[in-house]
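With PDB, C-alpha atoms and all ligand atoms inside, this is protein.pdb:
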```
ATOM      1  CA  MET E   1     -15.384 -14.275 -25.678
ATOM      2  CA  LYS E   2     -15.873 -11.018 -23.861
ATOM      3  CA  VAL E   3     -16.144  -9.555 -20.403
ATOM      4  CA  GLY E   4     -19.762  -9.427 -19.258
ATOM      5  CA  GLN E   5     -20.705  -7.798 -15.979
ATOM      6  CA  ARG E   6     -17.885  -6.293 -13.986
ATOM      7  CA  VAL E   7     -17.703  -4.241 -10.856
ATOM      8  CA  GLY E   8     -15.169  -2.783  -8.452
ATOM      9  CA  GLU E   9     -16.051  -1.806  -4.902
ATOM     10  CA  THR E  10     -13.900  -0.652  -2.014
ATOM     11  CA  ASN E  11     -14.699   0.192   1.587
ATOM     12  CA  PRO E  12     -12.495   1.410   4.459
ATOM     13  CA  GLY E  13     -13.895  -1.207   6.837
ATOM     14  CA  ARG E  14     -14.742  -0.381  10.442
ATOM     15  CA  LYS E  15     -11.384   0.110  12.118
ATOM     16  CA  ARG E  16      -9.300   2.149   9.713
ATOM     17  CA  ARG E  17      -9.489   5.864   9.193
ATOM     18  CA  ARG E  18      -8.068   5.675   5.682
ATOM     19  CA  ASN E  19      -8.600   3.434   2.721
ATOM     20  CA  GLU E  20      -5.194   2.341   1.448
ATOM     21  CA  ASP E  21      -6.646  -0.044  -1.132
ATOM     22  CA  ALA E  22      -6.980   0.870  -4.794
ATOM     23  CA  TYR E  23      -8.452  -1.026  -7.724
ATOM     24  CA  VAL E  24      -8.748  -1.002 -11.504
ATOM     25  CA  CYS E  25     -11.931  -2.200 -13.199
ATOM     26  CA  ASP E  26     -11.282  -1.177 -16.756
ATOM     27  CA  PRO E  27     -11.833  -4.097 -19.167
ATOM     28  CA  PRO E  28      -9.813  -5.868 -20.315
ATOM     29  CA  LEU E  29      -7.674  -4.903 -17.314
ATOM     30  CA  PHE E  30      -8.496  -5.545 -13.662
ATOM     31  CA  ALA E  31      -6.395  -5.086 -10.548
ATOM     32  CA  VAL E  32      -6.359  -4.732  -6.794
ATOM     33  CA  ALA E  33      -3.607  -2.979  -4.813
ATOM     34  CA  ASP E  34      -3.329  -2.843  -1.016
ATOM     35  CA  GLY E  35      -0.931  -0.151   0.138
ATOM     36  CA  MET E  36       1.079   0.150   3.318
ATOM     37  CA  GLY E  37       3.310   2.760   4.876
ATOM     38  CA  GLY E  38       3.236   5.594   7.384
ATOM     39  CA  ALA E  39       0.941   8.622   7.198
ATOM     40  CA  ARG E  40      -0.575   8.758   3.713
ATOM     41  CA  ALA E  41       2.135   6.664   2.097
ATOM     42  CA  GLY E  42      -0.043   3.538   1.829
ATOM     43  CA  GLU E  43      -2.644   5.380  -0.200
ATOM     44  CA  VAL E  44       0.057   6.924  -2.366
ATOM     45  CA  ALA E  45       1.648   3.545  -3.066
ATOM     46  CA  SER E  46      -1.549   1.733  -4.045
ATOM     47  CA  SER E  47      -2.935   4.566  -6.168
ATOM     48  CA  LEU E  48       0.413   5.084  -7.926
ATOM     49  CA  ALA E  49       0.508   1.389  -8.769
ATOM     50  CA  ALA E  50      -3.096   1.377  -9.988
ATOM     51  CA  GLU E  51      -2.466   4.421 -12.186
ATOM     52  CA  ALA E  52       0.757   2.970 -13.567
ATOM     53  CA  ILE E  53      -0.962  -0.039 -15.124
ATOM     54  CA  LYS E  54      -3.700   1.990 -16.825
ATOM     55  CA  VAL E  55      -2.009   2.129 -20.194
ATOM     56  CA  GLY E  56      -5.212   2.416 -22.230
ATOM     57  CA  ASP E  57      -7.262  -0.372 -23.771
ATOM     58  CA  SER E  58      -5.680  -0.345 -27.210
ATOM     59  CA  PRO E  59      -4.678  -3.801 -28.501
ATOM     60  CA  GLU E  60      -1.080  -2.543 -28.797
ATOM     61  CA  ALA E  61      -0.883  -1.307 -25.211
ATOM     62  CA  LEU E  62      -2.164  -4.615 -23.919
ATOM     63  CA  ALA E  63      -0.630  -6.978 -26.444
ATOM     64  CA  GLY E  64       1.008  -9.982 -24.894
ATOM     65  CA  GLY E  65      -0.044 -12.275 -22.135
ATOM     66  CA  GLU E  66       1.765 -13.023 -18.906
ATOM     67  CA  GLU E  67       4.872 -11.110 -20.054
ATOM     68  CA  ARG E  68       2.823  -7.957 -20.588
ATOM     69  CA  VAL E  69       1.195  -8.293 -17.174
ATOM     70  CA  ALA E  70       4.629  -8.771 -15.581
ATOM     71  CA  GLU E  71       5.870  -5.646 -17.420
ATOM     72  CA  LEU E  72       2.913  -3.608 -16.180
ATOM     73  CA  ILE E  73       3.587  -4.679 -12.600
ATOM     74  CA  GLN E  74       7.332  -3.986 -12.981
ATOM     75  CA  GLU E  75       6.521  -0.498 -14.237
ATOM     76  CA  ALA E  76       4.174   0.039 -11.298
ATOM     77  CA  ASN E  77       6.944  -1.157  -8.988
ATOM     78  CA  ARG E  78       9.463   1.276 -10.483
ATOM     79  CA  ARG E  79       7.111   4.209  -9.966
ATOM     80  CA  VAL E  80       6.284   3.336  -6.384
ATOM     81  CA  HIS E  81       9.947   2.670  -5.598
ATOM     82  CA  GLN E  82      11.066   5.920  -7.244
ATOM     83  CA  ARG E  83       8.562   7.906  -5.185
ATOM     84  CA  ALA E  84       9.659   6.137  -2.023
ATOM     85  CA  VAL E  85      13.264   7.122  -2.803
ATOM     86  CA  ASP E  86      12.465  10.731  -3.792
ATOM     87  CA  ASP E  87      10.008  11.563  -1.056
ATOM     88  CA  GLU E  88      11.171  11.103   2.513
ATOM     89  CA  SER E  89       7.608  10.954   3.866
ATOM     90  CA  ALA E  90       6.939   8.042   1.521
ATOM     91  CA  SER E  91      10.063   6.141   2.447
ATOM     92  CA  GLY E  92       9.424   2.457   3.091
ATOM     93  CA  MET E  93       5.985   2.457   1.502
ATOM     94  CA  GLY E  94       4.798  -0.461  -0.551
ATOM     95  CA  THR E  95       1.779  -2.108  -2.048
ATOM     96  CA  THR E  96       0.482  -5.480  -3.086
ATOM     97  CA  MET E  97      -0.785  -5.901  -6.628
ATOM     98  CA  THR E  98      -2.897  -8.580  -8.267
ATOM     99  CA  VAL E  99      -3.688  -8.043 -11.946
ATOM    100  CA  ALA E 100      -5.921  -9.903 -14.400
ATOM    101  CA  LEU E 101      -5.791  -9.188 -18.136
ATOM    102  CA  PHE E 102      -8.580 -10.628 -20.291
ATOM    103  CA  HIS E 103      -7.914 -11.731 -23.884
ATOM    104  CA  PRO E 104     -10.629 -12.265 -26.525
ATOM    105  CA  ASP E 105      -9.679 -15.943 -26.849
ATOM    106  CA  GLY E 106     -10.859 -16.362 -23.264
ATOM    107  CA  SER E 107      -7.423 -16.680 -21.732
ATOM    108  CA  ILE E 108      -6.736 -14.571 -18.682
ATOM    109  CA  SER E 109      -3.225 -13.538 -17.714
ATOM    110  CA  ILE E 110      -2.700 -13.107 -13.993
ATOM    111  CA  GLY E 111       0.189 -11.317 -12.328
ATOM    112  CA  HIS E 112       0.602 -11.169  -8.595
ATOM    113  CA  VAL E 113       2.727  -9.787  -5.743
ATOM    114  CA  GLY E 114       1.703  -9.791  -2.064
ATOM    115  CA  ASP E 115      -1.311 -11.101  -0.164
ATOM    116  CA  SER E 116      -4.204  -9.802  -2.209
ATOM    117  CA  ARG E 117      -5.835 -12.685  -4.069
ATOM    118  CA  ALA E 118      -7.390 -13.820  -7.330
ATOM    119  CA  TYR E 119     -10.173 -16.412  -7.232
ATOM    120  CA  LEU E 120     -12.063 -18.247  -9.942
ATOM    121  CA  HIS E 121     -15.721 -19.048  -9.340
ATOM    122  CA  ARG E 122     -16.774 -21.812 -11.752
ATOM    123  CA  ASP E 123     -19.798 -24.108 -11.533
ATOM    124  CA  GLY E 124     -20.537 -22.980  -7.999
ATOM    125  CA  ARG E 125     -17.013 -23.694  -6.777
ATOM    126  CA  LEU E 126     -14.479 -21.131  -5.635
ATOM    127  CA  GLU E 127     -10.822 -21.750  -6.386
ATOM    128  CA  GLN E 128      -7.977 -19.620  -5.076
ATOM    129  CA  LEU E 129      -5.651 -18.952  -8.000
ATOM    130  CA  THR E 130      -2.868 -16.988  -6.326
ATOM    131  CA  GLU E 131      -0.475 -17.933  -3.569
ATOM    132  CA  ASP E 132      -0.081 -15.399  -0.757
ATOM    133  CA  HIS E 133       3.371 -13.872  -0.409
ATOM    134  CA  SER E 134       3.000 -13.646   3.338
ATOM    135  CA  LEU E 135       4.940 -14.865   6.327
ATOM    136  CA  VAL E 136       2.204 -17.210   7.516
ATOM    137  CA  ALA E 137       1.562 -18.640   4.029
ATOM    138  CA  GLU E 138       5.295 -19.269   3.764
ATOM    139  CA  LEU E 139       5.342 -21.057   7.123
ATOM    140  CA  VAL E 140       2.283 -23.125   6.104
ATOM    141  CA  ARG E 141       4.005 -24.132   2.851
ATOM    142  CA  ARG E 142       7.052 -25.219   4.863
ATOM    143  CA  GLY E 143       4.806 -27.245   7.144
ATOM    144  CA  GLU E 144       5.778 -25.157  10.166
ATOM    145  CA  LEU E 145       2.284 -23.793  10.739
ATOM    146  CA  SER E 146      -1.186 -25.216  10.159
ATOM    147  CA  PRO E 147      -3.668 -23.220   8.058
ATOM    148  CA  GLU E 148      -5.799 -22.824  11.204
ATOM    149  CA  GLU E 149      -2.853 -21.405  13.165
ATOM    150  CA  ALA E 150      -2.108 -19.069  10.274
ATOM    151  CA  GLU E 151      -5.591 -17.547  10.445
ATOM    152  CA  VAL E 152      -5.110 -16.279  13.986
ATOM    153  CA  HIS E 153      -1.359 -15.694  13.898
ATOM    154  CA  PRO E 154      -0.365 -12.249  15.253
ATOM    155  CA  GLN E 155       1.950 -11.749  12.277
ATOM    156  CA  ARG E 156      -0.611 -12.816   9.662
ATOM    157  CA  SER E 157      -0.578  -9.438   7.895
ATOM    158  CA  VAL E 158       3.190  -9.459   7.359
ATOM    159  CA  ILE E 159       3.969  -9.865   3.670
ATOM    160  CA  THR E 160       7.212 -11.092   2.187
ATOM    161  CA  ARG E 161       6.941  -9.453  -1.224
ATOM    162  CA  ALA E 162       5.623  -6.034  -2.234
ATOM    163  CA  LEU E 163       5.894  -3.356  -4.877
ATOM    164  CA  GLY E 164       8.008  -0.351  -3.922
ATOM    165  CA  THR E 165      10.636  -1.812  -1.636
ATOM    166  CA  ASP E 166      13.221  -2.625  -4.331
ATOM    167  CA  PRO E 167      13.976  -1.432  -7.881
ATOM    168  CA  ASP E 168      12.907  -4.850  -9.155
ATOM    169  CA  VAL E 169      10.194  -7.162  -7.938
ATOM    170  CA  ASP E 170       9.622 -10.870  -8.386
ATOM    171  CA  VAL E 171       6.201 -11.267 -10.050
ATOM    172  CA  ASP E 172       4.194 -14.512 -10.105
ATOM    173  CA  THR E 173       2.456 -14.933 -13.460
ATOM    174  CA  PHE E 174       0.217 -17.611 -14.940
ATOM    175  CA  THR E 175      -2.633 -18.007 -17.413
ATOM    176  CA  VAL E 176      -6.122 -19.360 -16.866
ATOM    177  CA  GLN E 177      -8.293 -20.521 -19.759
ATOM    178  CA  ALA E 178     -11.773 -19.245 -18.993
ATOM    179  CA  VAL E 179     -15.046 -20.794 -20.097
ATOM    180  CA  GLU E 180     -18.339 -18.978 -20.552
ATOM    181  CA  GLY E 181     -19.894 -18.143 -17.206
ATOM    182  CA  ASP E 182     -16.622 -18.043 -15.279
ATOM    183  CA  LEU E 183     -16.420 -15.374 -12.672
ATOM    184  CA  PHE E 184     -13.174 -13.886 -11.422
ATOM    185  CA  LEU E 185     -12.702 -12.171  -8.088
ATOM    186  CA  LEU E 186      -9.723 -10.012  -7.170
ATOM    187  CA  CYS E 187      -9.708  -8.872  -3.561
ATOM    188  CA  SER E 188      -7.613  -7.435  -0.779
ATOM    189  CA  ASP E 189      -6.889  -9.274   2.483
ATOM    190  CA  GLY E 190      -9.506  -7.115   4.219
ATOM    191  CA  LEU E 191     -12.028  -9.484   2.655
ATOM    192  CA  THR E 192     -10.206 -12.796   2.968
ATOM    193  CA  SER E 193      -8.971 -12.253   6.534
ATOM    194  CA  MET E 194     -12.570 -11.690   7.672
ATOM    195  CA  VAL E 195     -14.634 -13.974   5.430
ATOM    196  CA  ASP E 196     -13.787 -17.624   4.757
ATOM    197  CA  ALA E 197     -13.748 -19.044   1.241
ATOM    198  CA  ASP E 198     -16.984 -21.031   1.681
ATOM    199  CA  THR E 199     -18.860 -17.895   2.672
ATOM    200  CA  ILE E 200     -17.341 -15.917  -0.215
ATOM    201  CA  SER E 201     -18.443 -18.675  -2.568
ATOM    202  CA  ALA E 202     -21.980 -18.762  -1.145
ATOM    203  CA  VAL E 203     -22.335 -14.973  -1.319
ATOM    204  CA  VAL E 204     -21.157 -14.923  -4.930
ATOM    205  CA  ASP E 205     -23.530 -17.788  -5.789
ATOM    206  CA  ARG E 206     -26.487 -15.995  -4.232
ATOM    207  CA  ASN E 207     -25.742 -12.843  -6.204
ATOM    208  CA  ARG E 208     -24.525 -14.459  -9.395
ATOM    209  CA  HIS E 209     -26.814 -12.390 -11.635
ATOM    210  CA  ASP E 210     -25.942  -9.037 -10.104
ATOM    211  CA  LEU E 211     -22.228  -8.586  -9.512
ATOM    212  CA  TYR E 212     -22.764  -5.164  -7.983
ATOM    213  CA  ALA E 213     -24.940  -6.781  -5.323
ATOM    214  CA  ALA E 214     -22.311  -9.520  -4.950
ATOM    215  CA  ALA E 215     -19.492  -7.036  -4.331
ATOM    216  CA  ARG E 216     -21.524  -5.087  -1.814
ATOM    217  CA  ALA E 217     -22.627  -8.259  -0.050
ATOM    218  CA  LEU E 218     -18.998  -9.400   0.275
ATOM    219  CA  ILE E 219     -18.046  -6.057   1.819
ATOM    220  CA  ARG E 220     -21.016  -6.271   4.168
ATOM    221  CA  GLU E 221     -19.946  -9.766   5.292
ATOM    222  CA  ALA E 222     -16.428  -8.503   6.059
ATOM    223  CA  ASN E 223     -17.785  -5.540   8.015
ATOM    224  CA  GLU E 224     -20.228  -7.698   9.954
ATOM    225  CA  ARG E 225     -17.275  -9.836  11.063
ATOM    226  CA  GLY E 226     -15.395  -6.792  12.328
ATOM    227  CA  GLY E 227     -14.124  -4.985   9.238
ATOM    228  CA  ASP E 228     -10.592  -4.875  10.645
ATOM    229  CA  ASP E 229      -9.028  -3.713   7.387
ATOM    230  CA  ASN E 230      -9.888  -1.958   4.137
ATOM    231  CA  ILE E 231     -11.986  -4.226   1.899
ATOM    232  CA  THR E 232     -11.825  -4.291  -1.892
ATOM    233  CA  ALA E 233     -13.506  -6.622  -4.369
ATOM    234  CA  VAL E 234     -13.279  -6.551  -8.156
ATOM    235  CA  LEU E 235     -15.533  -9.042  -9.954
ATOM    236  CA  PHE E 236     -15.893  -9.793 -13.640
ATOM    237  CA  GLU E 237     -17.571 -12.520 -15.616
ATOM    238  CA  VAL E 238     -16.582 -14.078 -18.884
ATOM    239  CA  ALA E 239     -19.405 -14.185 -21.398
ATOM    240  CA  ASP E 240     -19.906 -15.512 -24.875
ATOM    241  CA  GLY E 241     -19.623 -12.994 -27.683
ATOM    242  CA  ASP E 242     -17.398 -10.508 -29.434
ATOM    243  CA  PRO E 243     -15.531  -8.104 -27.131
ATOM    244  CA  ASP E 244     -16.137  -5.325 -29.644
ATOM    245  CA  ASP E 245     -19.918  -5.286 -29.473
ATOM    246  CA  GLU E 246     -20.387  -3.605 -26.167
ATOM    247  CA  THR E 247     -24.032  -4.326 -25.477
ATOM    248  CA  VAL E 248     -22.852  -5.332 -22.084
ATOM    249  CA  GLU E 249     -24.649  -4.619 -18.856
ATOM    250  CA  ALA E 250     -21.888  -2.460 -17.440
ATOM    251  CA  VAL E 251     -22.342  -2.183 -13.734
ATOM    252  CA  LEU E 252     -22.682   1.078 -11.898
ATOM    253  CA  THR E 253     -20.396   1.662  -8.983
ATOM    254  CA  GLN E 254     -22.077   4.614  -7.299
ATOM    255  CA  PRO E 255     -22.392   3.763  -3.655
ATOM    256  CA  ASP E 256     -25.943   3.813  -2.406
ATOM    257  CA  GLU E 257     -25.642   4.757   1.214
ATOM    258  CA  GLU E 258     -28.732   3.131   2.675
ATOM    259  CA  ASP E 259     -27.322  -0.346   3.091
ATOM    260  CA  THR E 260     -23.820   0.746   3.950
ATOM    261  CA  LEU E 261     -22.706  -0.239   7.398
ATOM    262  CA  HIS E 262     -21.671   2.881   9.179
ATOM    263  CA  PRO E 263     -18.065   2.491  10.171
ATOM    264  CA  GLU E 264     -17.325   2.696  13.849
ATOM    265  CA  PRO E 265     -15.142   5.598  14.935
ATOM    266  CA  ALA E 266     -11.614   4.811  13.866
ATOM    267  CA  SER E 267      -9.422   3.366  16.566
ATOM    268  CA  GLU E 268      -6.177   5.020  17.588
ATOM    269  CA  LEU E 269      -4.375   2.527  15.393
ATOM    270  CA  THR E 270      -3.930   5.071  12.622
ATOM    271  CA  ASP E 271      -1.455   3.160  10.593
ATOM    272  CA  GLY E 272      -2.205  -0.150   8.945
ATOM    273  CA  ASP E 273      -0.486  -2.923  10.845
ATOM    274  CA  THR E 274       0.673  -4.442   7.606
ATOM    275  CA  SER E 275       4.391  -4.405   7.138
ATOM    276  CA  ILE E 276       6.961  -5.870   4.832
ATOM    277  CA  VAL E 277       9.863  -7.910   6.117
ATOM    278  CA  SER E 278      11.814 -10.917   5.066
ATOM    279  CA  VAL E 279      10.768 -14.235   6.516
ATOM    280  CA  GLU E 280      14.147 -14.615   8.247
ATOM    281  CA  GLU E 281      13.840 -11.191   9.862
ATOM    282  CA  ILE E 282      10.478 -11.940  11.362
ATOM    283  CA  ARG E 283      11.420 -15.418  12.501
ATOM    284  CA  SER E 284      14.387 -14.132  14.452
ATOM    285  CA  ALA E 285      12.168 -11.427  15.871
ATOM    286  CA  LEU E 286       9.595 -14.020  16.892
ATOM    287  CA  ALA E 287      12.324 -16.114  18.464
ATOM    288  CA  ALA E 288      13.332 -13.110  20.544
ATOM    289  CA  GLU E 289       9.665 -12.684  21.461
ATOM    290  CA  SER E 290       9.969  -9.000  20.787
ATOM    291  CA  ALA E 291       7.917  -8.759  17.626
ATOM    292  CA  VAL E 292       4.614  -9.460  19.320
ATOM    293  CA  ASP E 293       5.389  -6.957  22.060
ATOM    294  CA  ALA E 294       6.256  -4.359  19.454
ATOM    295  CA  VAL E 295       2.889  -4.859  17.796
ATOM    296  CA  ASP E 296       1.125  -4.572  21.128
ATOM    297  CA  ALA E 297       2.996  -1.367  21.918
ATOM    298  CA  GLU E 298       2.075   0.034  18.533
ATOM    299  CA  ALA E 299      -1.557  -0.648  19.262
ATOM    300  CA  GLY E 300      -1.325   1.184  22.619
ATOM    301  CA  GLU E 301      -4.180   3.561  23.138
ATOM    302  CA  GLU E 302      -3.953   7.219  23.912
ATOM    303  CA  GLU E 303      -5.026   8.359  27.373
ATOM    304  CA  PRO E 304      -8.596   9.538  27.220
ATOM    305  CA  HIS E 305      -8.820  13.282  27.728
ATOM    306  CA  ALA E 306     -11.548  14.839  29.866
ATOM    307  CA  SER E 307     -13.758  17.291  28.029
ATOM    308  CA  VAL E 308     -13.625  21.016  28.857
ATOM    309  CA  GLY E 309     -17.010  20.758  30.577
ATOM    310  CA  GLN E 310     -15.801  17.924  32.785
ATOM    311  CA  ARG E 311     -12.708  19.910  33.754
ATOM    312  CA  ILE E 312     -14.726  23.021  34.724
ATOM    313  CA  LEU E 313     -17.053  20.874  36.797
ATOM    314  CA  ALA E 314     -14.098  19.303  38.585
ATOM    315  CA  ALA E 315     -12.571  22.745  39.280
ATOM    316  CA  LEU E 316     -15.891  24.041  40.666
ATOM    317  CA  LEU E 317     -16.170  21.009  42.965
ATOM    318  CA  ILE E 318     -12.661  21.592  44.321
ATOM    319  CA  VAL E 319     -13.408  25.285  44.932
ATOM    320  CA  ALA E 320     -16.658  24.381  46.744
ATOM    321  CA  LEU E 321     -14.828  21.808  48.865
ATOM    322  CA  VAL E 322     -12.070  24.232  49.814
ATOM    323  CA  ALA E 323     -14.686  26.877  50.688
ATOM    324  CA  LEU E 324     -16.499  24.370  52.901
ATOM    325  CA  ILE E 325     -13.290  23.408  54.720
ATOM    326  CA  VAL E 326     -12.348  27.068  55.246
ATOM    327  CA  LEU E 327     -15.854  27.750  56.559
ATOM    328  CA  LEU E 328     -15.649  24.824  59.009
ATOM    329  CA  VAL E 329     -12.156  25.844  60.201
ATOM    330  CA  VAL E 330     -13.226  29.468  60.698
ATOM    331  CA  LYS E 331     -16.365  28.304  62.569
ATOM    332  CA  GLY E 332     -14.261  25.952  64.708
ATOM    333  CA  LEU E 333     -11.777  28.714  65.563
ATOM    334  CA  ALA E 334     -14.582  31.117  66.382
ATOM    335  CA  ARG E 335     -16.028  28.742  68.965
TER
HETATM  336 MN    MN E 401      -5.115  -4.986   3.654
END
```
Have the structure of the file written as structure tokens, please.
Amino acid sequence: MKVGQRVGETNPGRKRRRNEDAYVCDPPLFAVADGMGGARAGEVASSLAAEAIKVGDSPEALAGGEERVAELIQEANRRVHQRAVDDESASGMGTTMTVALFHPDGSISIGHVGDSRAYLHRDGRLEQLTEDHSLVAELVRRGELSPEEAEVHPQRSVITRALGTDPDVDVDTFTVQAVEGDLFLLCSDGLTSMVDADTISAVVDRNRHDLYAAARALIREANERGGDDNITAVLFEVADGDPDDETVEAVLTQPDEEDTLHPEPASELTDGDTSIVSVEEIRSALAAESAVDAVDAEAGEEEPHASVGQRILAALLIVALVALIVLLVVKGLAR
């Protein structure tokens, strides 16, 4: 078996000034990383992680299944963590990472940390393969929150596991046996927090024969629903054939601007509101009812500043008013 069409697309969304997502679409290796951290640290974290796993496509470099994927993610973690330690401006940065490695026997090794996701689209059905390492997913698993409550929870972007925060990271790994026609989707939470699974499935179905169109349509759906976060989608299909004969319809990824939604001016929320904490930390914070307030304060807007023109106009008005008063007083005195 071989990889047929594949495509990677990313978009900043409509609320964020920066795109802190990164992806790899380099058969047989695919990945999505969603970075977080102050200033440019989120971008640094996700791009470092994406670069770290690009070890070349030689059979030796990518030999091994789940263990190899776990090693790649551990190496990515070490690099992000080392940078966070060395560079004060990058301190506390982190990134999610979801990796898929295709093998010619049709097995796909998946490795995963954070709240980006891997999905399998088979026979018109979409199945979520990964489990989110997020506070709300954790609370849902414990039965303390319903899935519906999780979707609107103020702390829904808090993740409980990330690359970069510790010298070692706990990586989820598993293997999926693909069949011809299977389609895999790796994506950041900027897609899944905006677009429900049924819609994702329908969009993929509609664009099944053109994965480039599918990726762009998914991004458009997320932006039409608000585009609150950076959106990344990596899609690849499993086809019949020998991976070595590359007669494959490789997909172009040049953005054609005409059907791109123009992002709204970025809000004052410069930093992503994603953060990494332990579940216990956030629960005690929630209990103290301070966490939500902190988020609100963070989102506080800057005072709007009057333009120079408006200020001059105001000054002129005051001068005219003062002149008028003086004139009236002088007239009154003269009488
Ligand atoms: Mn995100």
Residues within 9 Å of segment 52-65 of chain E, all atoms listed in the file, excluding chain neighbours under 4 positions, as a list of chain:residue names:
E:Val24, E:Asp26, E:Pro27, E:Pro28, E:Leu29, E:Ala31, E:Ser47, E:Leu48, E:Val69, E:Ala70, E:Leu72, E:Ile73, E:Glu75, E:Ala76, E:Asn77, E:Arg79, E:Leu101, E:Phe102, E:His103, E:Ser107, E:Ile108, E:Ser109, E:Ile110, E:Phe174, E:Thr175
Could you turn the residues from that selection into a file that holds C-alpha atoms, as a tab-separated table (two decimals), keeping the file's coordinate frame?
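The resulting selection-v4.tsv:
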```tsv
chain	number	residue	atom	x	y	z
E	24	VAL	CA	-8.75	-1.00	-11.50
E	26	ASP	CA	-11.28	-1.18	-16.76
E	27	PRO	CA	-11.83	-4.10	-19.17
E	28	PRO	CA	-9.81	-5.87	-20.32
E	29	LEU	CA	-7.67	-4.90	-17.31
E	31	ALA	CA	-6.40	-5.09	-10.55
E	47	SER	CA	-2.94	4.57	-6.17
E	48	LEU	CA	0.41	5.08	-7.93
E	69	VAL	CA	1.20	-8.29	-17.17
E	70	ALA	CA	4.63	-8.77	-15.58
E	72	LEU	CA	2.91	-3.61	-16.18
E	73	ILE	CA	3.59	-4.68	-12.60
E	75	GLU	CA	6.52	-0.50	-14.24
E	76	ALA	CA	4.17	0.04	-11.30
E	77	ASN	CA	6.94	-1.16	-8.99
E	79	ARG	CA	7.11	4.21	-9.97
E	101	LEU	CA	-5.79	-9.19	-18.14
E	102	PHE	CA	-8.58	-10.63	-20.29
E	103	HIS	CA	-7.91	-11.73	-23.88
E	107	SER	CA	-7.42	-16.68	-21.73
E	108	ILE	CA	-6.74	-14.57	-18.68
E	109	SER	CA	-3.22	-13.54	-17.71
E	110	ILE	CA	-2.70	-13.11	-13.99
E	174	PHE	CA	0.22	-17.61	-14.94
E	175	THR	CA	-2.63	-18.01	-17.41
```
Expansion of the PyMOL selection byres (((not hetatm)) within 8 of (chain E and resi 401)) into residues, as number ranges by chain:
E: 20-21, 34-35, 116, 157, 188-190, 229-231, 272, 274
List the residues selected by the PyMOL selection byres (((chain E and resi 95) around 6) and not hetatm) in the file shown, writing them as a list in words.
Asp34, Gly35, Met36, Ala45, Ser46, Gly94, Thr96, Ala162 and Leu163 of chain E
Is there a way to get, as a ChimeraX atom specification, all residues within 6 Å of the point (-18.5, -2.0, 5.8) in file coordinates, counting all atoms listed in the file?
/E:13,219-220,223,261
Those selected residues, please, written with C-alpha atoms and delivered as a PDB file, keeping the file's coordinate frame.
```pdb
ATOM      1  CA  GLY E  13     -13.895  -1.207   6.837  1.00  0.00           C
ATOM      2  CA  ILE E 219     -18.046  -6.057   1.819  1.00  0.00           C
ATOM      3  CA  ARG E 220     -21.016  -6.271   4.168  1.00  0.00           C
ATOM      4  CA  ASN E 223     -17.785  -5.540   8.015  1.00  0.00           C
ATOM      5  CA  LEU E 261     -22.706  -0.239   7.398  1.00  0.00           C
TER       6      LEU E 261
END
```
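The closest residue to Gln177 of chain E, picked from E:Gly164, E:Gly106, E:Gly42, E:Gly124 and counting only C-alpha atoms, is E:Gly106.
You will find atom CA of Ala213 of chain E at 24.7 Å from atom CA of Arg17 of chain E.
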